[in-house]
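Next up, my_file.pdb (PDB, C-alpha atoms, pLDDT in the B column):
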```pdb
MODEL        1
ATOM      1  CA  MET A   1     -19.033  -7.762  -2.159  1.00 54.00           C
ATOM      2  CA  GLY A   2     -16.062  -9.669  -0.738  1.00 71.00           C
ATOM      3  CA  MET A   3     -12.616  -8.479   0.095  1.00 82.00           C
ATOM      4  CA  LYS A   4     -10.347  -7.798  -2.845  1.00 92.00           C
ATOM      5  CA  LYS A   5      -7.297  -9.990  -3.396  1.00 96.00           C
ATOM      6  CA  ILE A   6      -3.930  -8.478  -2.537  1.00 97.00           C
ATOM      7  CA  ALA A   7      -0.860  -9.206  -4.649  1.00 98.00           C
ATOM      8  CA  TYR A   8       2.543  -8.021  -3.413  1.00 98.00           C
ATOM      9  CA  SER A   9       5.377  -7.483  -5.899  1.00 98.00           C
ATOM     10  CA  LYS A  10       8.781  -9.082  -5.180  1.00 98.00           C
ATOM     11  CA  ASP A  11      10.108  -5.615  -4.443  1.00 97.00           C
ATOM     12  CA  ALA A  12       7.335  -4.910  -1.930  1.00 98.00           C
ATOM     13  CA  ILE A  13       7.889  -8.266  -0.176  1.00 98.00           C
ATOM     14  CA  LYS A  14      11.629  -7.572   0.051  1.00 98.00           C
ATOM     15  CA  THR A  15      10.929  -4.191   1.641  1.00 97.00           C
ATOM     16  CA  LEU A  16       8.487  -5.733   4.147  1.00 98.00           C
ATOM     17  CA  LYS A  17      11.116  -8.298   5.155  1.00 97.00           C
ATOM     18  CA  ARG A  18      13.740  -5.607   5.738  1.00 97.00           C
ATOM     19  CA  MET A  19      11.662  -3.335   7.961  1.00 96.00           C
ATOM     20  CA  PRO A  20      10.873  -3.854  11.659  1.00 95.00           C
ATOM     21  CA  ALA A  21       8.282  -6.624  12.088  1.00 96.00           C
ATOM     22  CA  ASN A  22       5.754  -4.374  13.831  1.00 97.00           C
ATOM     23  CA  THR A  23       5.917  -1.839  10.988  1.00 96.00           C
ATOM     24  CA  ALA A  24       5.482  -4.566   8.366  1.00 98.00           C
ATOM     25  CA  LYS A  25       2.504  -5.910  10.307  1.00 98.00           C
ATOM     26  CA  LEU A  26       0.920  -2.442  10.462  1.00 98.00           C
ATOM     27  CA  ILE A  27       1.375  -1.933   6.724  1.00 98.00           C
ATOM     28  CA  ARG A  28      -0.101  -5.350   5.911  1.00 98.00           C
ATOM     29  CA  SER A  29      -3.081  -4.732   8.183  1.00 97.00           C
ATOM     30  CA  LYS A  30      -3.739  -1.321   6.602  1.00 97.00           C
ATOM     31  CA  VAL A  31      -3.584  -2.849   3.125  1.00 97.00           C
ATOM     32  CA  GLU A  32      -6.026  -5.560   4.239  1.00 96.00           C
ATOM     33  CA  GLN A  33      -8.280  -2.944   5.804  1.00 96.00           C
ATOM     34  CA  TYR A  34      -8.263  -1.035   2.522  1.00 96.00           C
ATOM     35  CA  ALA A  35      -9.039  -4.219   0.572  1.00 96.00           C
ATOM     36  CA  ALA A  36     -12.014  -4.906   2.840  1.00 95.00           C
ATOM     37  CA  GLU A  37     -13.361  -1.352   3.184  1.00 93.00           C
ATOM     38  CA  PRO A  38     -11.741   1.170   0.830  1.00 91.00           C
ATOM     39  CA  ALA A  39     -14.045   3.955   2.020  1.00 91.00           C
ATOM     40  CA  ARG A  40     -12.666   3.823   5.571  1.00 91.00           C
ATOM     41  CA  LEU A  41      -9.161   4.708   4.420  1.00 93.00           C
ATOM     42  CA  ALA A  42     -10.197   7.071   1.647  1.00 90.00           C
ATOM     43  CA  ASN A  43      -8.538  10.079   3.288  1.00 92.00           C
ATOM     44  CA  ASN A  44      -5.193   8.226   3.361  1.00 94.00           C
ATOM     45  CA  VAL A  45      -5.337   7.201  -0.290  1.00 95.00           C
ATOM     46  CA  LYS A  46      -4.381   9.529  -3.119  1.00 94.00           C
ATOM     47  CA  THR A  47      -3.962   9.113  -6.840  1.00 94.00           C
ATOM     48  CA  LEU A  48      -0.325   9.558  -7.856  1.00 91.00           C
ATOM     49  CA  LYS A  49       0.256  12.531 -10.109  1.00 87.00           C
ATOM     50  CA  GLY A  50       2.143  11.624 -13.266  1.00 84.00           C
ATOM     51  CA  ALA A  51       1.770   7.874 -12.693  1.00 82.00           C
ATOM     52  CA  GLU A  52      -1.435   6.874 -14.427  1.00 85.00           C
ATOM     53  CA  GLY A  53      -3.518   4.308 -12.594  1.00 91.00           C
ATOM     54  CA  TYR A  54      -1.406   4.238  -9.442  1.00 96.00           C
ATOM     55  CA  LEU A  55      -2.527   5.158  -5.963  1.00 96.00           C
ATOM     56  CA  ARG A  56      -0.699   5.578  -2.728  1.00 95.00           C
ATOM     57  CA  LEU A  57      -1.751   4.617   0.757  1.00 96.00           C
ATOM     58  CA  ARG A  58      -0.198   6.509   3.636  1.00 96.00           C
ATOM     59  CA  VAL A  59       0.796   4.405   6.657  1.00 96.00           C
ATOM     60  CA  GLY A  60       2.639   6.656   9.092  1.00 93.00           C
ATOM     61  CA  ASP A  61       5.919   7.617   7.414  1.00 93.00           C
ATOM     62  CA  TRP A  62       5.549   4.840   4.845  1.00 96.00           C
ATOM     63  CA  ARG A  63       3.923   4.964   1.452  1.00 96.00           C
ATOM     64  CA  VAL A  64       2.353   1.973  -0.251  1.00 97.00           C
ATOM     65  CA  ILE A  65       2.156   2.407  -4.024  1.00 96.00           C
ATOM     66  CA  PHE A  66      -0.478   0.207  -5.647  1.00 97.00           C
ATOM     67  CA  SER A  67      -2.871  -0.222  -8.526  1.00 97.00           C
ATOM     68  CA  GLU A  68      -6.357  -1.685  -8.531  1.00 93.00           C
ATOM     69  CA  THR A  69      -7.758  -3.854 -11.279  1.00 91.00           C
ATOM     70  CA  GLY A  70     -11.167  -5.324 -10.679  1.00 88.00           C
ATOM     71  CA  GLU A  71     -10.835  -7.588  -7.660  1.00 92.00           C
ATOM     72  CA  ILE A  72      -7.059  -7.323  -7.351  1.00 96.00           C
ATOM     73  CA  ILE A  73      -4.989  -4.772  -5.477  1.00 97.00           C
ATOM     74  CA  ALA A  74      -1.417  -4.962  -6.756  1.00 98.00           C
ATOM     75  CA  ILE A  75       1.110  -3.604  -4.269  1.00 98.00           C
ATOM     76  CA  VAL A  76       3.934  -2.327  -6.443  1.00 97.00           C
ATOM     77  CA  LYS A  77       6.222  -0.639  -3.955  1.00 96.00           C
ATOM     78  CA  ILE A  78       6.521   0.136  -0.258  1.00 97.00           C
ATOM     79  CA  ALA A  79       8.882   2.948   0.649  1.00 94.00           C
ATOM     80  CA  PRO A  80       9.603   5.529   3.335  1.00 92.00           C
ATOM     81  CA  ARG A  81       7.925   8.879   2.712  1.00 82.00           C
ATOM     82  CA  GLY A  82      10.914  10.613   1.102  1.00 76.00           C
ATOM     83  CA  GLY A  83      11.964   7.746  -1.163  1.00 64.00           C
ATOM     84  CA  ALA A  84       8.620   6.571  -2.459  1.00 61.00           C
ATOM     85  CA  TYR A  85       8.611   8.615  -5.623  1.00 61.00           C
ATOM     86  CA  ASP A  86      12.029   7.978  -7.196  1.00 59.00           C
TER
ENDMDL
END
```

How does the structure come out when it is put into C-alpha cells?
Amino acid sequence: MGMKKIAYSKDAIKTLKRMPANTAKLIRSKVEQYAAEPARLANNVKTLKGAEGYLRLRVGDWRVIFSETGEIIAIVKIAPRGGAYD
C-alpha cells in the first residue's frame, strides 16, 4: 500500500506560512511520516472528542487536526496546543 495523499486546507497553509520555517518543516515531515506509516505515530494521534471523524496529531506544542477518507488525509487546521480546539 502506497503513501496516502495529503491535502492542506487554506487555513492550514496560512498557519504553516506564519510559523518559523523549522517548525513548519517538522510539522510537514510528521504529517508525511503519518501518511506513510500511521502505526509509527499511533501514540501521537487521538480521535477528537465531540468532533466526529476528526483526529489530531501532536507535534511538540502544535496540534494538527485532520480527517482521513480512503487514500486522502485532509489537514483541516494547525494550531498551538491551547488554541487548537476553539

**Report entry** Long-range neighbours of Gly2 in chain A as a list in words, 10 Å cut-off, all atoms listed in the file, 3 positions minimum in chain
**Finding:** Lys5, Ala35, Ala36, Glu37 and Glu71 of chain A

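Taking all atoms listed in the file into account, Met19 in chain A lies nearest to A:Pro80 out of the set A:Ala42, A:Ser67, A:Tyr34, A:Pro80.
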
Kindly compute an axis-aligned box around the listed atoms of range 62-77 of chain A, allowing 6 Å on each side, and express its centre and edge lengths in Å to one decimal as AutoDock Vina command-line options.
```
--center_x -2.5 --center_y -1.3 --center_z -3.2 --size_x 29.4 --size_y 24.6 --size_z 28.1
```

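Using only C-alpha atoms, the smallest distance between any of A:Ile65, A:Ile13, A:Gly60, A:Ser29 and Lys46 in chain A comes from A:Ile65.
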
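Under the PyMOL selection byres ((chain A and resi 79) around 9), the matching residues in the shown file are A:Ala12, A:Thr15, A:Asp61, A:Trp62, A:Arg63, A:Val64, A:Ile65, A:Lys77, A:Ile78, A:Pro80, A:Arg81, A:Gly82, A:Gly83, A:Ala84, A:Tyr85.
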
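Taking CA of Thr69 in chain A and CA of Leu48 in chain A as the two end points, the separation is 15.7 Å.
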
Report task. Using the chain letters and residue numbers of this document, give as a PyMOL selection string the residues selected by the PyMOL selection byres ((chain A and resi 33) around 12). Result -> chain A and resi 3-6+26-32+34-42+44+57+59+73

Query raised in the report: To one decimal place, how far is CA of Gly53 in chain A from CA of Glu68 in chain A in Å?
Result: 7.8 Å

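Pairwise distance (CA of Ser9 in chain A, CA of Asn22 in chain A) equals 20.0 Å.
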
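Each of A:Ile72, A:Phe66, A:Pro20, A:Lys25 was checked against Ala51 in chain A using only C-alpha atoms; the smallest atom-to-atom distance is that of A:Phe66.
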